[in-house]
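**Q** Have a look at the structure that comes next, please.
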Amino acid sequence: MGLTIGVDIGGTKIAAGVVDEEGNILSTHKVPTPSTPEAIVDAIASAVEGARVGHEIVGVGIGAAGYVNRQRSTVYFAPNIDWRQEPLKEKVEGRVGLPVVVENDANAAAWGEYKFGGGKGHRNVICITLGTGLGGGIIIGNKLRRGHFGVAAEFGHIRMVPDGLLCGCGSQGCWEQYASGRALVRYAKQRANATPERAEVLLALGDGTPDGIEGKHISVAARQGCPVAVDSYRELARWAGAGLADLASLFDPSAFIVGGGLSDEGDLVLDPIRKSYKRWLVGGNWRPVADVIAAQLGNKAGLVGAADLAREPDPIM
């Protein structure tokens with residue numbers, strides 16, 4: 001199929017990269033993320049044009065944080081950009097003169113990991129991304145499963161706790177309120193406030209108060225054995241593993257791939273997730289247990305996955 005360009009729309013920058021059929025990034029171009037929806041379209045086009053210099057490109061894949069229709073053309077709704085029924089494919093194609101597909105960013109990252117990262121060799125994998133929120137993707141029978149309307153695998157908004165914590169989506173008790181970067185910081189602040197004597201290392205990394213705790217502080221403190229930091233990771237892992245056990249009942253994958261910023265902590269977070277998953281897996285002592293694997297592509301997964309999905313046939317056909 002030739003070379004394609006993947007586009008990753010971040011909060012501060014938009015990155016476009018030329019990707020070959022083996023998942024190698026040959027060149028990249030980054031531009032700042034503007035504040036208005038129309039300016040973002042222009043910035044995407046600028047990033048694509050910058051990346052394509054010197055390359056023969058056959059298509060573009062865009063990873064967008066939001067609900068994308070099954071035709072891979074329209075963003076129904078984006079929580080962080082004022083896109084409502086946004087015809088993104090049409091607009092970008094008009095600017096760059098190349099075929100464009102739009103994918104949910106978590107789906108794109110899941111596909112990148114399945115094809116070129118931690119999921120290589122598996123036919124049936126479920127990916128979750130533990131970052132500021134919680135996203136995911138479903139690959140069954142070597143195919144990305146988007147659902148009838150295109151908005152499947154919004155795992156972060158599975159209701160884990162009836163009438164639980166209010167989520168940014170407007171619902172209560174969503175999984176990402178209990179297993180995400182935001183949740184980890186909340187756990188640490190609560191514990192540091194309740195037992196500051198157990199959080200001395202953690203507090204010293206910030207401004208000395210629970211309110212000054214950031215995610216990066218919790219990681220450093222946990223590796224130094226700080227009880228509050230370690231307990232906060234365990235609490236996050238308890239909820240993450242319990243959710244994986246529920247997904248295993250639904251999809252029965254051979255592997256779960258855990259990506260997102262929190263997966264960068266490696267076994268600090270993955271080992272307790274594995275233990276929690278096995279603890280909550282129905283019949284876990286008597287059935288095969290899926291592997292829980294760390295993602296391998298890091299923040300490149302979405303760009304690489306979006307580029308590769310631009311080579312995939314229209315899922316409607």
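Every chain in the structure tokens takes a letter, A first, then B, and so on in the order presented; its residues are numbered from 1, and the ligands are numbered from 1 following the presented order.
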Could you tell me, as a PyMOL selection string, which residues of range 16-222 of chain A DSSP assigns to helix (DSSP H, G or I) when given the backbone?
**A** chain A and resi 37-52+88-96+105-116+155-157+175-177+181-194+196-198+200-205+210-212+215-222
**Q** Report as number ranges by chain all protein, DNA and RNA residues lying within 6 Å of range 122-128 of chain A, evaluated on only C-alpha atoms, omitting residues in the same chain fewer than 4 positions from it.
**A** A: 110, 135-142, 253-258
**Q** Quick one: distance from CA of Ala47 in chain A to CA of Ile14 in chain A in Å, one decimal?
**A**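 Calculated distance between CA of Ala47 in chain A and CA of Ile14 in chain A is 7.0 Å.
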**Q** Using only C-alpha atoms, which protein or nucleic acid residues come within 8 Å of Ala16 in chain A? Drop anything in the same chain fewer than 5 positions from it, and give the result as a PyMOL selection string.
**A** chain A and resi 5-8+28-30+44+47-48+51+303
**Q** For the selection just defined, write its residues with all heavy atoms to a file, as a tab-separated table (two decimals), in the first residue's frame.
**A**
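Dumped to selection-v5.tsv:
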```tsv
chain	number	residue	atom	x	y	z
A	5	ILE	N	0.53	8.63	6.45
A	5	ILE	CA	0.82	9.57	7.52
A	5	ILE	C	-0.19	9.36	8.64
A	5	ILE	O	-1.40	9.28	8.41
A	5	ILE	CB	0.77	11.03	7.02
A	5	ILE	CG1	1.98	11.31	6.13
A	5	ILE	CG2	0.74	12.02	8.19
A	5	ILE	CD1	1.99	12.71	5.52
A	6	GLY	N	0.32	9.27	9.86
A	6	GLY	CA	-0.53	9.24	11.04
A	6	GLY	C	-0.49	10.57	11.74
A	6	GLY	O	0.57	11.22	11.80
A	7	VAL	N	-1.64	10.99	12.28
A	7	VAL	CA	-1.74	12.28	12.97
A	7	VAL	C	-2.24	12.04	14.39
A	7	VAL	O	-3.26	11.37	14.59
A	7	VAL	CB	-2.68	13.25	12.23
A	7	VAL	CG1	-2.79	14.57	13.00
A	7	VAL	CG2	-2.20	13.50	10.81
A	8	ASP	N	-1.51	12.58	15.35
A	8	ASP	CA	-1.88	12.49	16.77
A	8	ASP	C	-2.20	13.89	17.26
A	8	ASP	O	-1.33	14.77	17.26
A	8	ASP	CB	-0.73	11.88	17.56
A	8	ASP	CG	-1.05	11.74	19.04
A	8	ASP	OD1	-2.24	11.61	19.38
A	8	ASP	OD2	-0.10	11.78	19.86
A	28	THR	N	8.79	13.11	10.94
A	28	THR	CA	7.69	13.71	11.71
A	28	THR	C	7.69	15.22	11.54
A	28	THR	O	8.72	15.83	11.19
A	28	THR	CB	7.80	13.37	13.21
A	28	THR	OG1	9.04	13.87	13.71
A	28	THR	CG2	7.70	11.88	13.47
A	29	HIS	N	6.55	15.80	11.81
A	29	HIS	CA	6.43	17.26	11.84
A	29	HIS	C	5.39	17.61	12.90
A	29	HIS	O	4.32	17.00	12.95
A	29	HIS	CB	6.00	17.80	10.47
A	29	HIS	CG	6.05	19.29	10.38
A	29	HIS	ND1	7.23	19.99	10.21
A	29	HIS	CD2	5.07	20.23	10.46
A	29	HIS	CE1	6.97	21.28	10.17
A	29	HIS	NE2	5.66	21.45	10.32
A	30	LYS	N	5.72	18.55	13.76
A	30	LYS	CA	4.85	18.94	14.86
A	30	LYS	C	4.51	20.41	14.78
A	30	LYS	O	5.35	21.24	14.41
A	30	LYS	CB	5.50	18.63	16.21
A	30	LYS	CG	5.82	17.16	16.42
A	30	LYS	CD	6.57	16.92	17.72
A	30	LYS	CE	6.93	15.45	17.88
A	30	LYS	NZ	7.70	15.20	19.12
A	44	ILE	N	-3.73	20.58	11.49
A	44	ILE	CA	-3.57	19.20	11.03
A	44	ILE	C	-3.01	19.19	9.60
A	44	ILE	O	-2.06	18.47	9.29
A	44	ILE	CB	-4.90	18.44	11.08
A	44	ILE	CG1	-5.35	18.24	12.53
A	44	ILE	CG2	-4.80	17.10	10.36
A	44	ILE	CD1	-6.77	17.71	12.67
A	47	ALA	N	0.65	20.15	9.62
A	47	ALA	CA	1.50	19.06	10.11
A	47	ALA	C	1.68	17.99	9.03
A	47	ALA	O	2.78	17.46	8.83
A	47	ALA	CB	0.92	18.46	11.38
A	48	VAL	N	0.60	17.65	8.34
A	48	VAL	CA	0.67	16.65	7.27
A	48	VAL	C	1.59	17.13	6.15
A	48	VAL	O	2.45	16.38	5.66
A	48	VAL	CB	-0.74	16.33	6.73
A	48	VAL	CG1	-0.66	15.52	5.44
A	48	VAL	CG2	-1.56	15.60	7.77
A	51	ALA	N	5.23	16.88	7.20
A	51	ALA	CA	5.75	15.52	7.29
A	51	ALA	C	5.95	14.87	5.93
A	51	ALA	O	6.85	14.05	5.75
A	51	ALA	CB	4.82	14.66	8.15
A	303	LEU	N	-0.05	7.45	16.77
A	303	LEU	CA	0.36	7.91	15.44
A	303	LEU	C	0.59	6.73	14.51
A	303	LEU	O	0.11	6.71	13.37
A	303	LEU	CB	1.63	8.76	15.58
A	303	LEU	CG	2.15	9.50	14.36
A	303	LEU	CD1	2.93	10.74	14.77
A	303	LEU	CD2	3.06	8.61	13.50
```
**Q** Could you pull the residues within 9 Å of Leu203 in chain A, counting only C-alpha atoms, minus those fewer than 4 positions along the same chain, as a ChimeraX atom specification?
**A** /A:192,196,199,207-210,212-213,217,221
**Q** Distance CA of Thr4 in chain A-CA of Val41 in chain A, one decimal place?
**A**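 Computed distance, CA of Thr4 in chain A to CA of Val41 in chain A, equals 18.4 Å.
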**Q** Report the distance between CA of Ser276 in chain A and CA of Ala290 in chain A in Å, rounded to one decimal place.
**A**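 Computing the Euclidean distance for CA of Ser276 in chain A and CA of Ala290 in chain A yields 13.0 Å.
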**Q** Could you list, as a PDB file with N, CA and C atoms, in the first residue's frame, every residue within 8 Å of Tyr76 in chain A, counting only C-alpha atoms and ignoring same-chain residues fewer than 3 positions away?
**A**
```
ATOM      1  N   GLY A  66     -12.406  11.333  20.871  1.00  0.00           N
ATOM      2  CA  GLY A  66     -13.835  11.582  20.810  1.00  0.00           C
ATOM      3  C   GLY A  66     -14.561  10.429  20.163  1.00  0.00           C
ATOM      4  N   TYR A  67     -15.847  10.594  19.974  1.00  0.00           N
ATOM      5  CA  TYR A  67     -16.674   9.570  19.344  1.00  0.00           C
ATOM      6  C   TYR A  67     -16.642   9.787  17.838  1.00  0.00           C
ATOM      7  N   VAL A  68     -16.178   8.769  17.111  1.00  0.00           N
ATOM      8  CA  VAL A  68     -16.027   8.855  15.653  1.00  0.00           C
ATOM      9  C   VAL A  68     -16.991   7.869  15.006  1.00  0.00           C
ATOM     10  N   ASN A  69     -17.647   8.291  13.934  1.00  0.00           N
ATOM     11  CA  ASN A  69     -18.636   7.411  13.318  1.00  0.00           C
ATOM     12  C   ASN A  69     -17.972   6.213  12.640  1.00  0.00           C
ATOM     13  N   TRP A  83     -15.923  20.078  18.886  1.00  0.00           N
ATOM     14  CA  TRP A  83     -16.379  19.394  17.683  1.00  0.00           C
ATOM     15  C   TRP A  83     -17.686  18.676  17.981  1.00  0.00           C
ATOM     16  N   ARG A  84     -18.712  19.006  17.235  1.00  0.00           N
ATOM     17  CA  ARG A  84     -20.015  18.343  17.326  1.00  0.00           C
ATOM     18  C   ARG A  84     -20.456  18.042  15.899  1.00  0.00           C
ATOM     19  N   GLN A  85     -20.544  16.743  15.547  1.00  0.00           N
ATOM     20  CA  GLN A  85     -20.843  16.344  14.178  1.00  0.00           C
ATOM     21  C   GLN A  85     -19.866  16.995  13.199  1.00  0.00           C
ATOM     22  N   GLU A  86     -18.585  16.934  13.538  1.00  0.00           N
ATOM     23  CA  GLU A  86     -17.540  17.591  12.754  1.00  0.00           C
ATOM     24  C   GLU A  86     -17.127  16.709  11.576  1.00  0.00           C
TER      25      GLU A  86
END
```
**Q** I'd like to know which of A:Leu184, A:Ile57, A:Leu270, A:Ala153 is closest to Asp105 in chain A, using only C-alpha atoms.
**A**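 Of A:Leu184, A:Ile57, A:Leu270, A:Ala153, the one nearest Asp105 in chain A, counting only C-alpha atoms, is A:Ala153.
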**Q** Which residues are close to Leu297 in chain A, i.e. within 8 Å by only C-alpha atoms, leaving aside same-chain residues fewer than 6 positions away? Reply as a list of chain:residue names.
**A** A:Gly112, A:Glu113, A:Phe116, A:Gly117, A:Gly118
**Q** Write the selection just made, keeping C-alpha atoms, as a PDB file, in the first residue's frame?
**A**
```
ATOM      1  CA  GLY A 112      -0.620   0.163  16.804  1.00  0.00           C
ATOM      2  CA  GLU A 113       0.175  -1.990  19.835  1.00  0.00           C
ATOM      3  CA  PHE A 116       3.614  -3.603  15.993  1.00  0.00           C
ATOM      4  CA  GLY A 117       3.950  -3.659  19.797  1.00  0.00           C
ATOM      5  CA  GLY A 118       2.899  -5.769  22.757  1.00  0.00           C
TER       6      GLY A 118
END
```
**Q** Name the residues of range 9-220 of chain A that come out as strand (DSSP E) in a backbone DSSP run; write them as JSON, numbers by chain.
**A** {"A": [9, 13, 14, 15, 16, 17, 18, 19, 25, 26, 27, 28, 29, 30, 31, 32, 57, 58, 59, 60, 61, 62, 63, 64, 67, 68, 75, 76, 77, 84, 85, 86, 100, 101, 102, 103, 104, 125, 126, 127, 128, 129, 130, 134, 135, 136, 137, 138, 139, 140, 143, 144]}
**Q** Using only C-alpha atoms, can you tell me which of A:Gly23, A:Gly181, A:Gly59, A:Gly2 comes closest to Thr132 in chain A?
**A** A:Gly181
**Q** From the list A:Ser171, A:Leu130, A:Gly261, A:Leu202, which residue is nearest Gly241 in chain A when using only C-alpha atoms?
**A**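 Of all the options, A:Leu130 lies closest to Gly241 in chain A.
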**Q** Pick the closest to Asn107 in chain A from A:Gly10, A:Gly50, A:Gly63, A:Gly147: which is it, counting only C-alpha atoms?
**A**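 Answer, going by the shortest atom-to-atom distance: A:Gly63.
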**Q** Tell me, as a PyMOL selection string, which residues lie within 12 Å of Gly283 in chain A, counting only C-alpha atoms; anything in the same chain fewer than 5 positions away does not count.
**A** chain A and resi 245+248-249+277-278+288-289
**Q** Take the residues from that selection and write them out as an mmCIF file, in the first residue's frame, keeping C-alpha atoms.
**A**
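Once everything was written out, this is selection_2.cif:
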```cif
data_model
loop_
_atom_site.group_PDB
_atom_site.id
_atom_site.type_symbol
_atom_site.label_atom_id
_atom_site.label_comp_id
_atom_site.auth_asym_id
_atom_site.auth_seq_id
_atom_site.Cartn_x
_atom_site.Cartn_y
_atom_site.Cartn_z
ATOM 1 C CA ALA A 245 -11.759 -9.353 34.940
ATOM 2 C CA ALA A 248 -12.456 -11.047 30.259
ATOM 3 C CA SER A 249 -16.007 -12.245 30.908
ATOM 4 C CA TYR A 277 -7.185 -9.323 37.744
ATOM 5 C CA LYS A 278 -6.610 -12.918 38.851
ATOM 6 C CA PRO A 288 -6.889 -20.136 31.208
ATOM 7 C CA VAL A 289 -5.834 -16.653 32.264
#
```
